[in-house]
Each structure stands twice: as structure tokens, then as C-alpha cells.
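**Q** My structure file entry_10.tsv, TSV, C-alpha atoms, is below:
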```tsv
chain	number	residue	atom	x	y	z
L	218	MET	CA	35.22	81.20	147.78
L	219	PRO	CA	37.97	80.61	150.35
L	220	ASN	CA	37.99	77.27	152.11
L	221	LYS	CA	36.64	77.16	155.66
L	222	SER	CA	38.22	75.14	158.44
L	223	HIS	CA	36.20	72.61	160.45
L	224	ARG	CA	36.37	74.98	163.41
L	225	THR	CA	34.89	77.84	161.38
L	226	MET	CA	32.12	75.64	159.95
L	227	ALA	CA	31.27	74.37	163.44
L	228	ALA	CA	31.15	77.94	164.77
L	229	ASP	CA	28.87	79.04	161.90
L	230	ALA	CA	26.51	76.13	162.55
L	231	LEU	CA	26.37	76.92	166.28
L	232	HIS	CA	25.69	80.59	165.57
L	233	GLN	CA	22.76	79.71	163.34
L	234	ALA	CA	21.41	77.21	165.86
L	235	PHE	CA	21.71	79.79	168.63
L	236	LEU	CA	19.77	82.41	166.68
L	237	VAL	CA	17.02	79.95	165.73
L	238	ASN	CA	16.60	78.72	169.31
L	239	LEU	CA	16.74	82.23	170.75
L	240	ILE	CA	13.97	83.37	168.41
L	241	ALA	CA	11.88	80.29	169.24
L	242	GLU	CA	12.35	80.79	173.00
L	243	THR	CA	11.48	84.48	172.74
L	244	GLU	CA	8.32	83.73	170.77
L	245	ALA	CA	7.31	81.06	173.28
L	246	GLN	CA	7.80	83.47	176.18
L	247	LEU	CA	5.77	86.20	174.44
L	248	TYR	CA	2.99	83.73	173.69
L	249	GLU	CA	2.94	82.60	177.31
L	250	GLU	CA	2.78	86.19	178.56
L	251	GLY	CA	-0.05	86.96	176.15
L	252	SER	CA	-2.03	83.95	177.35
L	253	GLU	CA	-1.56	84.96	180.97
L	254	SER	CA	-3.15	88.37	180.38
L	255	GLU	CA	-6.43	86.74	179.32
L	256	HIS	CA	-6.81	84.61	182.42
L	257	SER	CA	-8.37	85.57	185.70
L	258	SER	CA	-6.33	87.05	188.50
L	259	ARG	CA	-6.06	83.59	190.08
L	260	ALA	CA	-4.81	82.02	186.87
L	261	SER	CA	-2.55	84.99	186.34
L	262	SER	CA	-0.98	84.64	189.79
L	263	HIS	CA	-0.63	80.91	189.24
L	264	SER	CA	1.15	81.51	185.93
L	265	SER	CA	3.38	84.09	187.57
L	266	ALA	CA	4.36	81.53	190.16
L	267	ASN	CA	5.20	79.07	187.41
L	268	LEU	CA	7.15	81.73	185.58
L	269	SER	CA	9.07	82.60	188.74
L	270	PHE	CA	9.81	78.95	189.26
L	271	SER	CA	11.07	78.61	185.68
L	272	PHE	CA	13.35	81.59	186.16
L	273	SER	CA	14.63	80.26	189.46
L	274	SER	CA	15.32	76.87	187.92
L	275	ASP	CA	17.31	78.27	184.97
L	276	GLU	CA	20.59	77.46	186.65
L	277	SER	CA	19.72	73.77	187.04
L	278	LEU	CA	17.90	73.46	183.70
L	279	PRO	CA	19.53	75.78	181.16
L	280	THR	CA	17.74	76.57	177.94
L	281	THR	CA	18.94	75.29	174.59
L	282	SER	CA	20.35	78.69	173.66
L	283	ASP	CA	22.33	78.77	176.92
L	284	ALA	CA	23.78	75.34	176.14
L	285	ILE	CA	24.76	76.48	172.64
L	286	LEU	CA	26.45	79.58	174.07
L	287	GLU	CA	28.42	77.41	176.45
L	288	THR	CA	29.50	75.18	173.56
L	289	LEU	CA	30.57	78.25	171.58
L	290	GLY	CA	32.63	79.43	174.51
L	291	GLN	CA	34.39	76.08	174.68
L	292	LEU	CA	35.01	76.18	170.92
L	293	TYR	CA	36.52	79.68	170.99
L	294	SER	CA	38.66	78.85	174.01
L	295	LYS	CA	40.82	76.71	171.71
L	296	ARG	CA	42.57	77.91	168.58
L	297	TYR	CA	42.18	74.59	166.80
L	298	LEU	CA	39.26	72.18	166.87
L	299	ASN	CA	41.43	69.04	166.71
L	300	PRO	CA	44.78	68.34	168.38
L	301	ARG	CA	47.76	69.62	166.39
L	302	GLN	CA	50.73	67.46	165.45
L	303	ASP	CA	54.16	68.72	164.49
L	304	ILE	CA	55.32	68.12	160.92
L	305	ASN	CA	59.02	67.46	160.51
L	306	LYS	CA	60.48	69.69	157.82
L	307	ASP	CA	63.60	71.75	157.22
L	308	GLY	CA	64.83	74.42	154.83
L	309	GLN	CA	67.70	72.42	153.33
L	310	GLN	CA	66.18	72.41	149.84
L	311	LEU	CA	65.73	76.18	149.85
L	312	HIS	CA	69.22	76.70	151.27
L	313	LEU	CA	70.71	74.35	148.66
L	314	LEU	CA	68.96	76.24	145.88
L	315	LEU	CA	70.09	79.71	146.97
L	316	HIS	CA	73.64	78.86	148.09
L	317	ASN	CA	74.68	76.01	145.83
L	318	TYR	CA	72.63	75.58	142.68
L	319	LYS	CA	72.52	79.33	142.16
L	320	PHE	CA	76.32	79.47	141.71
L	321	ASN	CA	77.28	75.95	140.66
L	322	ARG	CA	74.25	74.73	138.72
L	323	PRO	CA	72.37	77.69	137.26
L	324	ASP	CA	70.42	75.34	134.99
L	325	ILE	CA	68.88	73.62	138.02
L	326	PHE	CA	68.28	77.02	139.64
L	327	ARG	CA	66.38	78.13	136.53
L	328	SER	CA	64.31	74.94	136.49
L	329	TYR	CA	63.09	75.71	140.03
L	330	LEU	CA	62.42	79.45	139.77
L	331	ARG	CA	62.08	79.95	135.98
L	332	ILE	CA	64.62	82.77	135.93
L	333	GLY	CA	68.41	82.84	135.92
L	334	PRO	CA	70.62	83.76	138.89
L	335	GLY	CA	71.49	87.16	137.43
L	336	CYS	CA	67.87	88.14	136.89
L	337	PHE	CA	67.04	86.84	140.37
L	338	ASP	CA	69.73	89.02	141.98
L	339	ASP	CA	68.56	92.07	140.03
L	340	LEU	CA	65.01	91.48	141.20
L	341	VAL	CA	66.15	91.16	144.81
L	342	ASN	CA	68.09	94.44	144.58
L	343	VAL	CA	65.06	96.25	143.19
L	344	LEU	CA	62.63	94.88	145.78
L	345	LYS	CA	64.77	94.93	148.93
L	346	ASP	CA	64.04	98.58	149.79
L	347	ASP	CA	60.27	98.24	149.49
L	348	PRO	CA	58.50	99.08	152.79
L	349	VAL	CA	56.56	95.81	152.73
L	350	PHE	CA	59.78	93.94	153.60
L	351	HIS	CA	60.53	96.15	156.62
L	352	ASN	CA	58.65	96.44	159.89
L	353	ASN	CA	59.16	97.47	163.49
L	354	SER	CA	58.44	94.03	164.91
L	355	ASN	CA	60.77	92.31	167.32
L	356	ASN	CA	60.59	89.27	165.05
L	357	PRO	CA	62.47	90.11	161.83
L	358	GLN	CA	61.22	88.91	158.48
L	359	MET	CA	62.95	86.09	156.66
L	360	PRO	CA	65.54	87.25	154.09
L	361	ILE	CA	64.02	88.75	150.98
L	362	ASP	CA	65.82	86.31	148.66
L	363	GLU	CA	64.08	83.43	150.45
L	364	GLN	CA	60.70	85.17	150.20
L	365	LEU	CA	61.22	85.79	146.50
L	366	ALA	CA	62.41	82.21	145.91
L	367	ILE	CA	59.31	80.77	147.60
L	368	THR	CA	57.06	83.01	145.51
L	369	LEU	CA	58.80	82.20	142.21
L	370	PHE	CA	58.83	78.49	143.03
L	371	ARG	CA	55.09	78.66	143.58
L	372	PHE	CA	54.49	80.60	140.36
L	373	GLY	CA	56.74	78.27	138.37
L	374	HIS	CA	54.88	75.09	139.21
L	375	TYR	CA	51.52	73.69	138.27
L	376	GLY	CA	48.70	71.83	139.96
L	377	ASN	CA	49.49	70.01	143.21
L	378	ALA	CA	53.16	71.02	143.03
L	379	ALA	CA	52.06	74.65	143.47
L	380	SER	CA	49.85	73.92	146.48
L	381	ILE	CA	50.59	75.63	149.78
L	382	LEU	CA	51.27	72.24	151.38
L	383	LYS	CA	53.91	71.15	148.85
L	384	VAL	CA	55.60	74.56	148.71
L	385	ALA	CA	55.75	74.81	152.52
L	386	LEU	CA	57.25	71.32	152.85
L	387	TRP	CA	59.81	72.06	150.14
L	388	ALA	CA	60.89	75.38	151.67
L	389	GLY	CA	60.69	74.18	155.28
L	390	VAL	CA	58.29	76.93	156.39
L	391	GLY	CA	54.83	77.07	157.89
L	392	TYR	CA	51.71	76.81	155.77
L	393	GLY	CA	50.73	80.39	156.54
L	394	THR	CA	54.16	81.68	155.54
L	395	VAL	CA	53.67	80.72	151.89
L	396	PRO	CA	50.70	83.03	151.13
L	397	LEU	CA	52.19	85.68	153.42
L	398	VAL	CA	55.47	86.03	151.49
L	399	THR	CA	53.61	85.66	148.18
L	400	ASN	CA	51.39	88.61	149.05
L	401	ARG	CA	54.42	90.68	150.05
L	402	VAL	CA	56.21	90.04	146.75
L	403	LEU	CA	53.07	90.77	144.74
L	404	LYS	CA	52.46	93.98	146.66
L	405	ALA	CA	56.03	95.10	146.03
L	406	THR	CA	55.95	94.27	142.30
L	407	CYS	CA	52.59	96.02	141.86
L	408	SER	CA	53.76	99.21	143.54
L	409	GLU	CA	54.23	102.44	141.62
L	410	ARG	CA	57.88	102.52	142.64
L	411	PHE	CA	58.60	99.13	141.07
L	412	ARG	CA	56.74	99.88	137.85
L	413	ARG	CA	58.59	103.15	137.35
L	414	SER	CA	61.97	101.49	137.97
L	415	THR	CA	61.39	98.56	135.59
L	416	LEU	CA	59.04	99.82	132.86
L	417	SER	CA	59.91	102.92	130.89
L	418	TRP	CA	59.73	104.28	127.36
L	419	SER	CA	62.81	103.99	125.22
L	420	SER	CA	65.11	106.97	125.00
L	421	PRO	CA	65.67	108.72	121.65
L	422	GLN	CA	69.13	107.17	121.44
L	423	ALA	CA	67.75	103.64	121.98
L	424	LYS	CA	65.06	104.22	119.35
L	425	GLU	CA	67.59	105.41	116.79
L	426	ALA	CA	69.89	102.47	117.47
L	427	ALA	CA	67.00	100.02	117.02
L	428	LYS	CA	65.89	101.71	113.78
L	429	ALA	CA	69.40	101.60	112.42
L	430	TRP	CA	69.66	97.91	113.18
L	431	VAL	CA	66.30	97.21	111.47
L	432	GLN	CA	67.46	99.11	108.39
L	433	ASP	CA	70.74	97.20	108.22
L	434	ALA	CA	69.21	93.80	108.97
L	435	SER	CA	66.21	94.10	106.65
L	436	CYS	CA	65.53	97.02	104.30
L	437	PRO	CA	65.25	100.82	104.57
L	438	ALA	CA	61.45	100.69	104.16
L	439	TRP	CA	61.13	98.83	107.44
L	440	ARG	CA	63.28	101.26	109.39
L	441	ASP	CA	60.42	102.62	111.51
L	442	GLY	CA	59.29	99.11	112.50
L	443	TRP	CA	61.66	98.94	115.43
L	444	LEU	CA	59.29	97.32	117.96
L	445	MET	CA	57.88	93.80	118.18
L	446	VAL	CA	54.93	92.53	120.16
L	447	ASP	CA	54.65	88.88	121.14
L	448	GLY	CA	52.32	87.06	123.47
L	449	THR	CA	51.85	83.75	125.21
L	450	LEU	CA	49.26	82.03	127.35
L	451	VAL	CA	50.14	81.11	130.93
L	452	PRO	CA	47.79	78.24	131.90
L	453	LEU	CA	46.10	78.23	135.30
L	454	PHE	CA	45.51	74.95	137.11
L	455	MET	CA	41.93	75.89	138.01
L	456	CYS	CA	39.23	78.44	137.28
L	457	PRO	CA	39.86	81.66	139.26
L	458	GLY	CA	37.38	82.41	142.00
L	459	PHE	CA	36.54	85.90	140.70
L	460	PHE	CA	35.34	86.48	137.10
L	461	GLY	CA	36.46	82.96	136.20
L	462	ASN	CA	34.75	82.92	132.79
L	463	THR	CA	36.88	85.83	131.56
L	464	PHE	CA	40.01	83.66	131.88
L	465	PHE	CA	38.68	80.95	129.52
L	466	ASP	CA	40.79	81.02	126.34
L	467	ARG	CA	40.45	79.72	122.79
L	468	LYS	CA	42.27	76.50	123.74
L	469	SER	CA	39.59	75.61	126.30
L	470	ASN	CA	41.90	76.35	129.26
L	471	TYR	CA	41.89	78.96	132.00
L	472	SER	CA	44.94	81.12	131.43
L	473	LEU	CA	46.56	84.55	131.60
L	474	ASN	CA	47.43	86.31	128.36
L	475	VAL	CA	50.88	87.91	128.57
L	476	GLN	CA	52.05	90.34	125.89
L	477	VAL	CA	55.57	91.73	125.70
L	478	MET	CA	56.82	94.60	123.54
L	479	PHE	CA	60.56	94.87	122.95
L	480	HIS	CA	63.16	96.24	120.54
L	481	LEU	CA	63.93	94.15	117.51
L	482	LEU	CA	67.56	94.98	118.33
L	483	LEU	CA	67.27	92.56	121.27
L	484	LEU	CA	66.74	89.65	118.86
L	485	GLN	CA	70.43	89.55	118.00
L	486	TYR	CA	71.13	88.53	121.60
```
Translate the structure of the given file into C-alpha cells.

**A**
Amino acid sequence: MPNKSHRTMAADALHQAFLVNLIAETEAQLYEEGSESEHSSRASSHSSANLSFSFSSDESLPTTSDAILETLGQLYSKRYLNPRQDINKDGQQLHLLLHNYKFNRPDIFRSYLRIGPGCFDDLVNVLKDDPVFHNNSNNPQMPIDEQLAITLFRFGHYGNAASILKVALWAGVGYGTVPLVTNRVLKATCSERFRRSTLSWSSPQAKEAAKAWVQDASCPAWRDGWLMVDGTLVPLFMCPGFFGNTFFDRKSNYSLNVQVMFHLLLLQY
């Protein structure tokens, strides 16, 4: 389940208290009205006077439910329950990665994002025209290469290093920006347009070239075995919130099983 802020938990508790007190006050009023109907006209008029007095004194002595409503109003009048303090951060690390390490130290670039500069640029070119990265707002989105870098940095790290706090401090962005850009990249990579542009069946020419290579590199009997399937486990730092048991693997970890099918011809590279 998603984590709740202290403000949200306080609001939920006040809502429950308000409903409980409102029901109790309503039941007490109904019981009092029922008792009044059994009394004599004198007792009834006396009770009515008391009831009128209680209604007239509501402003000076508010009920518990009224006090809870007032507290809820004060709570919702502020966006945050506690005072907010600025956190000093900048985007120098992200800028250094994209404008220095990417060209001068590709090995460091790969260690951060788990892909090389060439693959990164190809991915940016494929994703840049996706509608999710364009809007009609007066506040433009951050560059797509920065959004992709933040997402890949998050995917390429484990445990606390992949937390929203650590990623936001590293990239010099707000905490809410990290899941926002991650969702955009995931939406773009899961789109039909992206899948059709990146995943496709091999052409007859590519199949024949792969079969010829298998025949030359091994034996004629293995000519038709021109594809290879390999897999690996990508460990997760915690049990997923939905259907968590299905991610439990044979190594007693929570992980994703990734399988890749490729031409044996690619092995020579």
C-alpha cells in the first residue's frame, strides 16, 4: 500500500471521529425526542424550552462534531501539516553526467545509467516524439535526456540508492519529480508506437544470413538453429505491493525474469 503522510493520517482520524460523534449526537437527539413524546404536555413544553435553549446556546457551546469540523477546516487550510524547510541541492551531478562523462568518460556514464552513450542517444531519439513528453502548459517539461537519465539512474541502483530521496538529491530535482519522470518514461516505452519501432521479426535476408553463419561456424545440421534464448534474474530490493508472491524466485529473492531472443550471428560482435 502507498505510504500516507502525517497530514493524511490526521485527516482520516478526524473524519472517523467526526462520523462517530455525529452518529452519537443524532442518536442522543432522537432518544431525547422520543422521551419527550411520552411526557405530559407540561413536561413536553418544559423539554421544548430546554431544547430551544440548547439550540440557542450552540454558538457558545459547540458540539464535539462542530469542533472536529473546525479542526478539519484548519487542517485543510494548509498544504502541509508541519513547517517546510528548503533543502539545498543542485543539478551539477546530472549536468556533469550528460555533458562530460557521456563524451569523455563513457565507462563512468555506463556505471551510472547501465547503458552506453550511443544506446542512450538512440533511446532519446526514439522517445522524444512521444506525446507524453509534450504538453500545452506554460511551464515546459525538463529535457527528455534528463528525464531518461533520472529514470535509468533509478532503475540501475539498488536499495536505498534507488530511493526517491537519494535520486532527487543526486539529480537536483524535487521529490515529486522523480516518480513523475519515471512514469512518463515507462508510459512511453510501453506504448504501441515504441514496441513497433524497437521489436520486430527478422527479415528473410537477416534469417538467411544468420543461418549461413551458423552453418559455417558449427555444422550444416545446425543450420536452422539460428536463434538463441537467454535469461537473467533482475533482483528487486523489496517485495512488490501487488501479487508479491509471484515474484519470489528459486534463489529466495524477489526478482523479475528477463528473457532475450537474438541471432546467433550477433555473438561474433

**Q** Any idea what's packed within 8 Å of range 363-373 of chain L, counting all atoms listed in the file, ignoring anything in its chain fewer than 5 positions away? Could you give it as a list in words?

**A**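 In the requested format, the answer is Leu311, Leu315, Tyr329, Leu330, Arg331, Val341, Ala378, Ala379, Ser380, Val384, Ala388, Val395, Val398, Thr399 and Val402 of chain L.
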
**Q** I'd like the neighbourhood of range 287-293 of chain L as a ChimeraX atom specification, where a residue qualifies if any of its atoms comes within 7 Å (using all atoms listed in the file), though same-chain residues fewer than 3 positions away should be ignored.

**A** /L:228,231,283-284,296

**Q** Tell me which protein, DNA and RNA residues are within 9 Å of Thr415 in chain L, counting all atoms listed in the file, leaving out same-chain ones fewer than 4 positions away, and put them as a ChimeraX atom specification.

**A** /L:343,410-411

**Q** Which residues are close to range 472-479 of chain L, i.e. within 10 Å by all atoms listed in the file, leaving aside same-chain residues fewer than 5 positions away? Reply as a count of residues only.

**A** 23

**Q** One decimal, in Å: what's the spacing between CA of Tyr318 in chain L and CA of Gly333 in chain L?

**A**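 Distance reported for this atom pair: 10.8 Å.
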
**Q** By how many Å are CA of Ser294 in chain L and CA of Arg224 in chain L apart?

**A** 11.5 Å

**Q** Calculated over only C-alpha atoms, which of the candidates L:Ile285, L:Tyr392, L:Pro348, L:Ser222 has the smallest distance to Val237 in chain L?

**A**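 Smallest distance to Val237 in chain L is found for L:Ile285.
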
**Q** Pick out the residues sitting within 9 Å of Asn317 in chain L, and hand them over as a PyMOL selection string; count all atoms listed in the file, and ignore anything fewer than 5 positions along from it in its own chain.

**A** chain L and resi 312+322+326

**Q** Selection from above, C-alpha atoms, as a PDB file, in the frame of the given file, can you write it?

**A**
```pdb
ATOM      1  CA  HIS L 312      69.220  76.700 151.270  1.00  0.00           C
ATOM      2  CA  ARG L 322      74.250  74.730 138.720  1.00  0.00           C
ATOM      3  CA  PHE L 326      68.280  77.020 139.640  1.00  0.00           C
TER       4      PHE L 326
END
```

**Q** Rounded to one decimal, what separation in Å do you get between CA of Glu409 in chain L and CA of Gly393 in chain L?

**A**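 Atom-to-atom, CA of Glu409 in chain L and CA of Gly393 in chain L are spaced 26.9 Å apart.
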
**Q** Taking into account all atoms listed in the file, which residue in the set L:Leu239, L:Met226, L:Leu416, L:Val349 is nearest to Leu397 in chain L?

**A** L:Val349

**Q** Nearest to Ile240 in chain L: which of L:Ser469, L:Thr281, L:Asn356, L:Ser420 is it, counting all atoms listed in the file?

**A** L:Thr281

**Q** Compare L:Asn352, L:Asn400, L:Gln422, L:Thr225 by their minimum atom-to-atom distance to Lys295 in chain L, counting all atoms listed in the file, and give me the closest one.

**A**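 The shortest atom-to-atom distance to Lys295 in chain L comes from L:Thr225.
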